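J.: Quick one, target-v5.cif (mmCIF, C-alpha atoms):
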```cif
data_my_file
#
loop_
_atom_site.label_atom_id
_atom_site.label_comp_id
_atom_site.auth_asym_id
_atom_site.auth_seq_id
_atom_site.Cartn_x
_atom_site.Cartn_y
_atom_site.Cartn_z
CA LEU A 1 14.15 32.15 -18.84
CA LEU A 2 14.58 28.37 -18.39
CA THR A 3 18.26 28.54 -19.22
CA THR A 4 19.21 31.98 -17.88
CA SER A 5 17.26 32.58 -14.66
CA SER A 6 18.74 31.63 -11.28
CA ASN A 7 15.56 32.52 -9.39
CA ASN A 8 14.07 29.17 -8.34
CA TRP A 9 10.65 30.64 -7.55
CA MET A 10 10.48 32.23 -11.01
CA LEU A 11 11.65 29.03 -12.69
CA ILE A 12 8.97 26.99 -10.94
CA LYS A 13 6.31 29.39 -12.20
CA VAL A 14 7.69 29.28 -15.76
CA VAL A 15 7.96 25.47 -15.73
CA LYS A 16 4.36 25.15 -14.52
CA LEU A 17 3.17 27.53 -17.24
CA LEU A 18 5.02 25.67 -20.00
CA GLY A 19 3.76 22.36 -18.64
CA SER A 20 0.18 23.55 -19.03
CA LEU A 21 0.82 24.23 -22.74
CA VAL A 22 2.39 20.93 -23.85
CA THR A 23 -0.95 19.26 -24.52
CA GLU A 24 -1.69 21.92 -27.14
CA GLU A 25 1.71 22.08 -28.83
CA PRO A 26 3.71 18.84 -29.32
CA ARG A 27 6.72 20.74 -30.65
CA LEU A 28 6.95 22.55 -27.32
CA ALA A 29 6.84 19.20 -25.50
CA ARG A 30 9.86 17.98 -27.50
CA LYS A 31 11.77 21.23 -27.02
CA LEU A 32 11.25 21.23 -23.25
CA LEU A 33 12.78 17.83 -22.52
CA GLU A 34 16.44 18.82 -22.73
CA PRO A 35 16.36 22.13 -20.80
CA LEU A 36 14.20 20.56 -18.08
CA ALA A 37 16.65 17.65 -17.77
CA THR A 38 19.50 20.16 -17.45
CA ILE A 39 17.73 21.98 -14.61
CA ILE A 40 16.97 18.68 -12.82
CA GLN A 41 20.67 17.79 -12.87
CA ASN A 42 22.03 21.23 -11.99
CA THR A 43 19.73 22.54 -9.27
CA GLY A 44 19.95 21.61 -5.64
CA ALA A 45 16.40 22.77 -4.96
CA LYS A 46 14.18 19.72 -4.52
CA SER A 47 11.02 21.73 -5.23
CA LEU A 48 12.36 22.87 -8.60
CA GLN A 49 13.70 19.40 -9.40
CA TYR A 50 10.31 17.88 -8.74
CA GLU A 51 8.41 20.48 -10.75
CA CYS A 52 10.69 19.85 -13.72
CA ILE A 53 10.27 16.06 -13.41
CA PHE A 54 6.50 16.48 -13.15
CA THR A 55 6.48 18.65 -16.28
CA VAL A 56 8.62 16.12 -18.16
CA THR A 57 6.07 13.42 -17.32
CA GLU A 58 3.35 15.73 -18.65
CA ALA A 59 5.33 16.43 -21.83
CA LEU A 60 6.42 12.87 -22.67
CA PRO A 61 3.07 11.61 -24.05
CA HIS A 62 2.97 14.63 -26.36
CA SER A 63 6.63 14.59 -27.41
CA ARG A 64 6.42 11.83 -30.00
CA ARG A 65 7.06 12.72 -33.63
CA GLU A 66 4.32 12.55 -36.24
CA ASP A 67 5.44 9.03 -37.22
CA GLY A 68 4.96 7.88 -33.61
CA SER A 69 8.66 7.60 -32.77
CA GLU A 70 10.10 9.02 -29.56
CA ALA A 71 11.92 12.34 -29.45
CA LYS A 72 15.66 11.71 -29.88
CA ASN A 73 16.52 12.60 -26.29
CA ALA A 74 13.44 11.04 -24.64
CA SER A 75 15.18 7.87 -23.37
CA ALA A 76 18.00 9.81 -21.71
CA VAL A 77 15.56 12.25 -20.10
CA ILE A 78 13.36 9.41 -18.82
CA LYS A 79 16.40 7.78 -17.19
CA ILE A 80 17.35 11.07 -15.51
CA CYS A 81 13.82 11.45 -14.13
CA ALA A 82 13.72 7.85 -12.89
CA ASP A 83 17.11 8.21 -11.20
CA TYR A 84 16.12 11.40 -9.41
CA LEU A 85 12.75 9.98 -8.36
CA ARG A 86 14.65 7.02 -6.89
CA GLY A 87 16.65 9.54 -4.88
CA PHE A 88 13.43 11.14 -3.62
CA ILE A 89 12.05 7.75 -2.53
CA GLU A 90 15.29 6.78 -0.79
CA ASP A 91 15.39 10.09 1.11
CA SER A 92 14.68 10.03 4.85
CA ASP A 93 12.22 12.90 4.40
CA GLN A 94 8.75 11.32 4.21
CA ASN A 95 7.38 14.16 2.09
CA LEU A 96 10.09 13.64 -0.53
CA LYS A 97 9.50 9.89 -0.47
CA TYR A 98 5.80 10.41 -1.14
CA LEU A 99 6.51 12.90 -3.94
CA GLY A 100 8.91 10.39 -5.48
CA LEU A 101 6.18 7.75 -5.59
CA VAL A 102 3.67 10.24 -7.04
CA GLY A 103 6.25 11.10 -9.70
CA LEU A 104 6.67 7.42 -10.57
CA VAL A 105 2.90 7.08 -10.98
CA LYS A 106 3.05 9.90 -13.53
CA LEU A 107 6.11 8.46 -15.27
CA MET A 108 4.49 5.01 -15.40
CA LYS A 109 1.79 6.35 -17.73
CA SER A 110 4.31 7.15 -20.45
CA ASN A 111 7.18 4.75 -19.71
CA ILE A 112 6.24 1.74 -17.62
CA LYS A 113 9.66 0.04 -18.00
CA SER A 114 11.41 2.77 -16.02
CA VAL A 115 9.09 2.02 -13.10
CA ILE A 116 9.37 -1.77 -13.45
CA ASP A 117 13.13 -1.33 -12.97
CA LEU A 118 12.40 0.21 -9.54
CA ARG A 119 10.01 -2.58 -8.43
CA ASP A 120 12.15 -3.73 -5.48
CA LEU A 121 12.39 -0.17 -4.17
CA VAL A 122 8.62 0.23 -4.41
CA LEU A 123 8.10 -3.08 -2.62
CA LYS A 124 10.23 -1.83 0.29
CA CYS A 125 7.86 1.11 0.66
CA LEU A 126 5.10 -1.32 1.66
CA ASN A 127 6.85 -1.55 5.03
CA ASP A 128 6.76 2.21 5.63
CA ASP A 129 4.97 3.52 8.71
CA ASP A 130 3.11 6.10 6.62
CA ILE A 131 -0.10 4.64 5.17
CA THR A 132 -0.15 7.19 2.31
CA ILE A 133 3.25 5.91 1.17
CA ARG A 134 2.11 2.29 1.41
CA THR A 135 -1.08 3.05 -0.52
CA LYS A 136 0.80 4.86 -3.30
CA SER A 137 3.20 1.92 -3.51
CA LEU A 138 0.24 -0.43 -4.00
CA GLU A 139 -0.98 1.77 -6.86
CA LEU A 140 2.41 1.50 -8.55
CA LEU A 141 2.69 -2.25 -8.10
CA ALA A 142 -0.79 -2.77 -9.53
CA GLY A 143 0.20 -0.61 -12.50
CA ILE A 144 3.40 -2.46 -13.39
CA VAL A 145 2.24 -6.05 -12.84
CA SER A 146 2.74 -8.38 -15.78
CA ARG A 147 1.91 -11.97 -16.66
CA LYS A 148 5.44 -12.91 -15.58
CA SER A 149 5.36 -11.10 -12.23
CA LEU A 150 1.70 -11.64 -11.21
CA VAL A 151 2.08 -14.80 -9.11
CA ASP A 152 5.11 -13.56 -7.18
CA LEU A 153 3.55 -10.15 -6.55
CA VAL A 154 0.19 -11.57 -5.44
CA HIS A 155 1.87 -13.90 -2.94
CA HIS A 156 3.98 -11.01 -1.65
CA LEU A 157 0.86 -8.91 -1.12
CA LEU A 158 -1.00 -11.80 0.51
CA GLY A 159 1.79 -12.10 3.05
CA HIS A 160 1.68 -8.35 3.58
CA ALA A 161 -2.11 -8.44 4.07
CA LYS A 162 -1.76 -10.96 6.92
CA HIS A 163 0.11 -8.32 8.93
CA SER A 164 -2.23 -5.45 8.01
CA GLU A 165 -5.68 -4.45 9.16
CA GLY A 166 -8.60 -2.13 8.56
CA SER A 167 -8.99 -0.10 5.39
CA TYR A 168 -5.38 -0.67 4.36
CA ARG A 169 -5.87 -4.46 4.36
CA ASP A 170 -9.02 -3.92 2.28
CA GLU A 171 -6.95 -1.86 -0.17
CA ILE A 172 -4.39 -4.65 -0.52
CA ILE A 173 -7.15 -7.16 -1.29
CA THR A 174 -8.72 -4.76 -3.78
CA LYS A 175 -5.39 -4.40 -5.58
CA ILE A 176 -4.86 -8.18 -5.67
CA LEU A 177 -8.27 -8.65 -7.28
CA TYR A 178 -7.63 -5.77 -9.69
CA MET A 179 -4.30 -7.23 -10.82
CA CYS A 180 -5.79 -10.67 -11.42
CA LYS A 181 -8.78 -9.29 -13.35
CA LYS A 182 -6.67 -6.84 -15.34
CA ASP A 183 -7.30 -6.91 -19.10
CA LYS A 184 -10.02 -9.55 -18.69
CA TYR A 185 -7.79 -11.95 -16.73
CA SER A 186 -5.13 -11.94 -19.45
CA LEU A 187 -2.34 -12.03 -16.85
CA VAL A 188 -3.66 -15.19 -15.19
CA SER A 189 -2.10 -18.29 -16.73
CA ASP A 190 -3.45 -20.80 -14.19
CA PHE A 191 -7.07 -20.41 -13.11
CA ALA A 192 -6.74 -23.17 -10.50
CA TRP A 193 -4.14 -20.96 -8.85
CA TYR A 194 -6.46 -17.95 -9.11
CA THR A 195 -9.28 -19.95 -7.49
CA SER A 196 -6.97 -20.84 -4.60
CA ILE A 197 -6.18 -17.13 -4.16
CA LEU A 198 -9.88 -16.28 -4.03
CA LEU A 199 -10.45 -18.97 -1.40
CA GLU A 200 -7.54 -17.64 0.66
CA LEU A 201 -8.95 -14.11 0.47
CA ALA A 202 -12.37 -15.35 1.54
CA VAL A 203 -11.06 -16.86 4.79
#
```
Could you take the file, read its structure, and then write that structure out as structure tokens?
T.:
Amino acid sequence: LLTTSSNNWMLIKVVKLLGSLVTEEPRLARKLLEPLATIIQNTGAKSLQYECIFTVTEALPHSRREDGSEAKNASAVIKICADYLRGFIEDSDQNLKYLGLVGLVKLMKSNIKSVIDLRDLVLKCLNDDDITIRTKSLELLAGIVSRKSLVDLVHHLLGHAKHSEGSYRDEIITKILYMCKKDKYSLVSDFAWYTSILLELAV
């Protein structure tokens, strides 16, 4: 059905059903990657594209071989998903933009590098008028922060917080504290710097 049906509604139902089974059968997870990638590239239906991307992100953690190595086509499929999610985020439709960010959150759990590569795009979303898009962007940035990027990202968010208010400003501060405390402060290389951040947040 995945490769022969042209009925988008039917394909969405089939993809959802198969996606619910990948946690039980790793071989299915590996077998799904290629046909799902083909549908993503060939369909013009955004709803079907997204459902296939979502199912790929569900399948990826279960697609590794018994020796722990990735399925042979995993890297190519991940790139396809990341590229199409970028397209969603860059779309003028706010619903598609939000779905793109949600998709990146899912992809981040199995392949964080593909999301790190889209960091600048995610940062731009912090300037969106829609608070749900800004909040989802914060979640992504907090998820991809590293020892190398922590200082730059914290200062970026501090500047953003100065022009924000209410619960959204509180969320920014929460994410800054979360990033700094992540993995028992393992990302913080200079605690004098961290102390200065805490003092700035306290003002």
J.: Taking all atoms listed in the file into account, which of A:Lys31, A:Lys162, A:Ile40, A:Phe88 comes nearest Arg65 in chain A?
T.: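 The answer is A:Lys31, which sits nearest to Arg65 in chain A.
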J.: Here's the selection I'm unsure about, the PyMOL selection byres ((chain A and resi 123) around 10); applied to the file above, which residues does it give, as a compact mmCIF listing (two decimals) with C-alpha atoms, keeping the file's coordinate frame?
T.:
```
# COMPACT_ATOMS: atom_id res chain seq x y z
CA LEU A 118 12.40 0.21 -9.54
CA ARG A 119 10.01 -2.58 -8.43
CA ASP A 120 12.15 -3.73 -5.48
CA LEU A 121 12.39 -0.17 -4.17
CA VAL A 122 8.62 0.23 -4.41
CA LYS A 124 10.23 -1.83 0.29
CA CYS A 125 7.86 1.11 0.66
CA LEU A 126 5.10 -1.32 1.66
CA ASN A 127 6.85 -1.55 5.03
CA ASP A 128 6.76 2.21 5.63
CA ARG A 134 2.11 2.29 1.41
CA SER A 137 3.20 1.92 -3.51
CA LEU A 138 0.24 -0.43 -4.00
CA LEU A 140 2.41 1.50 -8.55
CA LEU A 141 2.69 -2.25 -8.10
CA LEU A 153 3.55 -10.15 -6.55
CA HIS A 156 3.98 -11.01 -1.65
CA LEU A 157 0.86 -8.91 -1.12
```
J.: Identify, on the basis of all atoms listed in the file, every residue whose closest approach to range 73-80 of chain A does not exceed 10 Å; exclude the query and any residue fewer than 2 positions from it along the same chain; express the result as an mmCIF file with C-alpha atoms, in the frame of the given file.
T.:
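Contents of the output file result12.cif:
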```cif
data_model
loop_
_atom_site.group_PDB
_atom_site.id
_atom_site.type_symbol
_atom_site.label_atom_id
_atom_site.label_comp_id
_atom_site.auth_asym_id
_atom_site.auth_seq_id
_atom_site.Cartn_x
_atom_site.Cartn_y
_atom_site.Cartn_z
ATOM 1 C CA ARG A 30 9.860 17.980 -27.500
ATOM 2 C CA LYS A 31 11.770 21.230 -27.020
ATOM 3 C CA LEU A 33 12.780 17.830 -22.520
ATOM 4 C CA GLU A 34 16.440 18.820 -22.730
ATOM 5 C CA PRO A 35 16.360 22.130 -20.800
ATOM 6 C CA LEU A 36 14.200 20.560 -18.080
ATOM 7 C CA ALA A 37 16.650 17.650 -17.770
ATOM 8 C CA THR A 38 19.500 20.160 -17.450
ATOM 9 C CA ILE A 40 16.970 18.680 -12.820
ATOM 10 C CA GLN A 41 20.670 17.790 -12.870
ATOM 11 C CA ILE A 53 10.270 16.060 -13.410
ATOM 12 C CA VAL A 56 8.620 16.120 -18.160
ATOM 13 C CA THR A 57 6.070 13.420 -17.320
ATOM 14 C CA LEU A 60 6.420 12.870 -22.670
ATOM 15 C CA SER A 63 6.630 14.590 -27.410
ATOM 16 C CA ARG A 64 6.420 11.830 -30.000
ATOM 17 C CA GLU A 70 10.100 9.020 -29.560
ATOM 18 C CA ALA A 71 11.920 12.340 -29.450
ATOM 19 C CA ALA A 82 13.720 7.850 -12.890
ATOM 20 C CA ASP A 83 17.110 8.210 -11.200
ATOM 21 C CA TYR A 84 16.120 11.400 -9.410
ATOM 22 C CA LEU A 85 12.750 9.980 -8.360
ATOM 23 C CA ARG A 86 14.650 7.020 -6.890
ATOM 24 C CA LEU A 107 6.110 8.460 -15.270
ATOM 25 C CA SER A 110 4.310 7.150 -20.450
ATOM 26 C CA ASN A 111 7.180 4.750 -19.710
ATOM 27 C CA SER A 114 11.410 2.770 -16.020
#
```
J.: Box in all listed atoms of range 180-195 of chain A, axis-aligned, with 8 Å more on each side; write out centre and edge lengths in Å to one decimal as AutoDock Vina command-line options.
T.:
```
--center_x -6.1 --center_y -15.0 --center_z -13.5 --size_x 23.9 --size_y 32.3 --size_z 28.0
```
J.: Which of these residues is nearest to Ser47 in chain A, using only C-alpha atoms: A:Ile172, A:Ser146, A:His62, A:Trp9?
T.: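 Among the listed residues, the smallest separation from Ser47 in chain A belongs to A:Trp9.
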J.: List the residues sitting within 9 Å of (5.0, 7.7, -9.4) in the file's frame, using only C-alpha atoms, as a PyMOL selection string.
T.: chain A and resi 85+98-108+115+136-137+139-140
J.: Please measure the separation of CA of Glu165 in chain A and CA of Ile131 in chain A, giving the value in Å to one decimal.
T.: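 Straight-line distance from CA of Glu165 in chain A to CA of Ile131 in chain A works out to 11.4 Å.
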J.: If I only have part of range 114-133 of chain A, can you fill in N, CA, C and O atoms and write it as a PDB file, in the coordinates of the input?
T.:
```pdb
ATOM      1  N   SER A 114      10.571   2.050 -16.975  1.00  0.00           N
ATOM      2  CA  SER A 114      11.410   2.770 -16.020  1.00  0.00           C
ATOM      3  C   SER A 114      10.942   2.557 -14.589  1.00  0.00           C
ATOM      4  O   SER A 114      11.736   2.623 -13.646  1.00  0.00           O
ATOM      5  N   VAL A 115       9.642   2.279 -14.434  1.00  0.00           N
ATOM      6  CA  VAL A 115       9.090   2.020 -13.100  1.00  0.00           C
ATOM      7  C   VAL A 115       9.276   0.551 -12.732  1.00  0.00           C
ATOM      8  O   VAL A 115       9.572   0.232 -11.576  1.00  0.00           O
ATOM      9  N   ILE A 116       9.138  -0.343 -13.700  1.00  0.00           N
ATOM     10  CA  ILE A 116       9.370  -1.770 -13.450  1.00  0.00           C
ATOM     11  C   ILE A 116      10.789  -1.979 -12.906  1.00  0.00           C
ATOM     12  O   ILE A 116      11.010  -2.810 -12.018  1.00  0.00           O
ATOM     13  N   ASP A 117      11.744  -1.218 -13.416  1.00  0.00           N
ATOM     14  CA  ASP A 117      13.130  -1.330 -12.970  1.00  0.00           C
ATOM     15  C   ASP A 117      13.298  -0.954 -11.497  1.00  0.00           C
ATOM     16  O   ASP A 117      14.299  -1.319 -10.869  1.00  0.00           O
ATOM     17  N   LEU A 118      12.330  -0.224 -10.941  1.00  0.00           N
ATOM     18  CA  LEU A 118      12.400   0.210  -9.540  1.00  0.00           C
ATOM     19  C   LEU A 118      11.448  -0.605  -8.650  1.00  0.00           C
ATOM     20  O   LEU A 118      11.137  -0.204  -7.540  1.00  0.00           O
ATOM     21  N   ARG A 119      11.007  -1.757  -9.137  1.00  0.00           N
ATOM     22  CA  ARG A 119      10.010  -2.580  -8.430  1.00  0.00           C
ATOM     23  C   ARG A 119      10.443  -2.912  -7.008  1.00  0.00           C
ATOM     24  O   ARG A 119       9.641  -2.808  -6.066  1.00  0.00           O
ATOM     25  N   ASP A 120      11.690  -3.329  -6.814  1.00  0.00           N
ATOM     26  CA  ASP A 120      12.150  -3.730  -5.480  1.00  0.00           C
ATOM     27  C   ASP A 120      12.107  -2.554  -4.509  1.00  0.00           C
ATOM     28  O   ASP A 120      11.774  -2.728  -3.328  1.00  0.00           O
ATOM     29  N   LEU A 121      12.442  -1.375  -5.009  1.00  0.00           N
ATOM     30  CA  LEU A 121      12.390  -0.170  -4.170  1.00  0.00           C
ATOM     31  C   LEU A 121      10.957   0.134  -3.765  1.00  0.00           C
ATOM     32  O   LEU A 121      10.685   0.486  -2.608  1.00  0.00           O
ATOM     33  N   VAL A 122      10.038  -0.013  -4.707  1.00  0.00           N
ATOM     34  CA  VAL A 122       8.620   0.230  -4.410  1.00  0.00           C
ATOM     35  C   VAL A 122       8.099  -0.789  -3.410  1.00  0.00           C
ATOM     36  O   VAL A 122       7.348  -0.455  -2.490  1.00  0.00           O
ATOM     37  N   LEU A 123       8.517  -2.044  -3.557  1.00  0.00           N
ATOM     38  CA  LEU A 123       8.100  -3.080  -2.620  1.00  0.00           C
ATOM     39  C   LEU A 123       8.541  -2.763  -1.188  1.00  0.00           C
ATOM     40  O   LEU A 123       7.806  -2.999  -0.224  1.00  0.00           O
ATOM     41  N   LYS A 124       9.731  -2.203  -1.041  1.00  0.00           N
ATOM     42  CA  LYS A 124      10.230  -1.830   0.290  1.00  0.00           C
ATOM     43  C   LYS A 124       9.327  -0.784   0.950  1.00  0.00           C
ATOM     44  O   LYS A 124       9.192  -0.758   2.173  1.00  0.00           O
ATOM     45  N   CYS A 125       8.719   0.043   0.126  1.00  0.00           N
ATOM     46  CA  CYS A 125       7.860   1.110   0.660  1.00  0.00           C
ATOM     47  C   CYS A 125       6.589   0.549   1.308  1.00  0.00           C
ATOM     48  O   CYS A 125       5.913   1.267   2.050  1.00  0.00           O
ATOM     49  N   LEU A 126       6.268  -0.694   1.024  1.00  0.00           N
ATOM     50  CA  LEU A 126       5.100  -1.320   1.660  1.00  0.00           C
ATOM     51  C   LEU A 126       5.304  -1.481   3.163  1.00  0.00           C
ATOM     52  O   LEU A 126       4.345  -1.683   3.901  1.00  0.00           O
ATOM     53  N   ASN A 127       6.554  -1.399   3.601  1.00  0.00           N
ATOM     54  CA  ASN A 127       6.850  -1.550   5.030  1.00  0.00           C
ATOM     55  C   ASN A 127       6.954  -0.197   5.740  1.00  0.00           C
ATOM     56  O   ASN A 127       7.287  -0.152   6.930  1.00  0.00           O
ATOM     57  N   ASP A 128       6.665   0.870   5.027  1.00  0.00           N
ATOM     58  CA  ASP A 128       6.760   2.210   5.630  1.00  0.00           C
ATOM     59  C   ASP A 128       5.663   2.418   6.671  1.00  0.00           C
ATOM     60  O   ASP A 128       4.560   1.860   6.555  1.00  0.00           O
ATOM     61  N   ASP A 129       5.953   3.229   7.667  1.00  0.00           N
ATOM     62  CA  ASP A 129       4.970   3.520   8.710  1.00  0.00           C
ATOM     63  C   ASP A 129       3.823   4.390   8.204  1.00  0.00           C
ATOM     64  O   ASP A 129       2.722   4.366   8.753  1.00  0.00           O
ATOM     65  N   ASP A 130       4.098   5.156   7.155  1.00  0.00           N
ATOM     66  CA  ASP A 130       3.110   6.100   6.620  1.00  0.00           C
ATOM     67  C   ASP A 130       2.156   5.378   5.661  1.00  0.00           C
ATOM     68  O   ASP A 130       2.573   4.859   4.622  1.00  0.00           O
ATOM     69  N   ILE A 131       0.885   5.364   5.987  1.00  0.00           N
ATOM     70  CA  ILE A 131      -0.100   4.640   5.170  1.00  0.00           C
ATOM     71  C   ILE A 131      -0.250   5.252   3.781  1.00  0.00           C
ATOM     72  O   ILE A 131      -0.535   4.546   2.815  1.00  0.00           O
ATOM     73  N   THR A 132      -0.033   6.560   3.639  1.00  0.00           N
ATOM     74  CA  THR A 132      -0.150   7.190   2.310  1.00  0.00           C
ATOM     75  C   THR A 132       0.961   6.684   1.397  1.00  0.00           C
ATOM     76  O   THR A 132       0.748   6.513   0.186  1.00  0.00           O
ATOM     77  N   ILE A 133       2.134   6.443   1.955  1.00  0.00           N
ATOM     78  CA  ILE A 133       3.250   5.910   1.170  1.00  0.00           C
ATOM     79  C   ILE A 133       2.966   4.457   0.782  1.00  0.00           C
ATOM     80  O   ILE A 133       3.191   4.043  -0.358  1.00  0.00           O
TER      81      ILE A 133
END
```
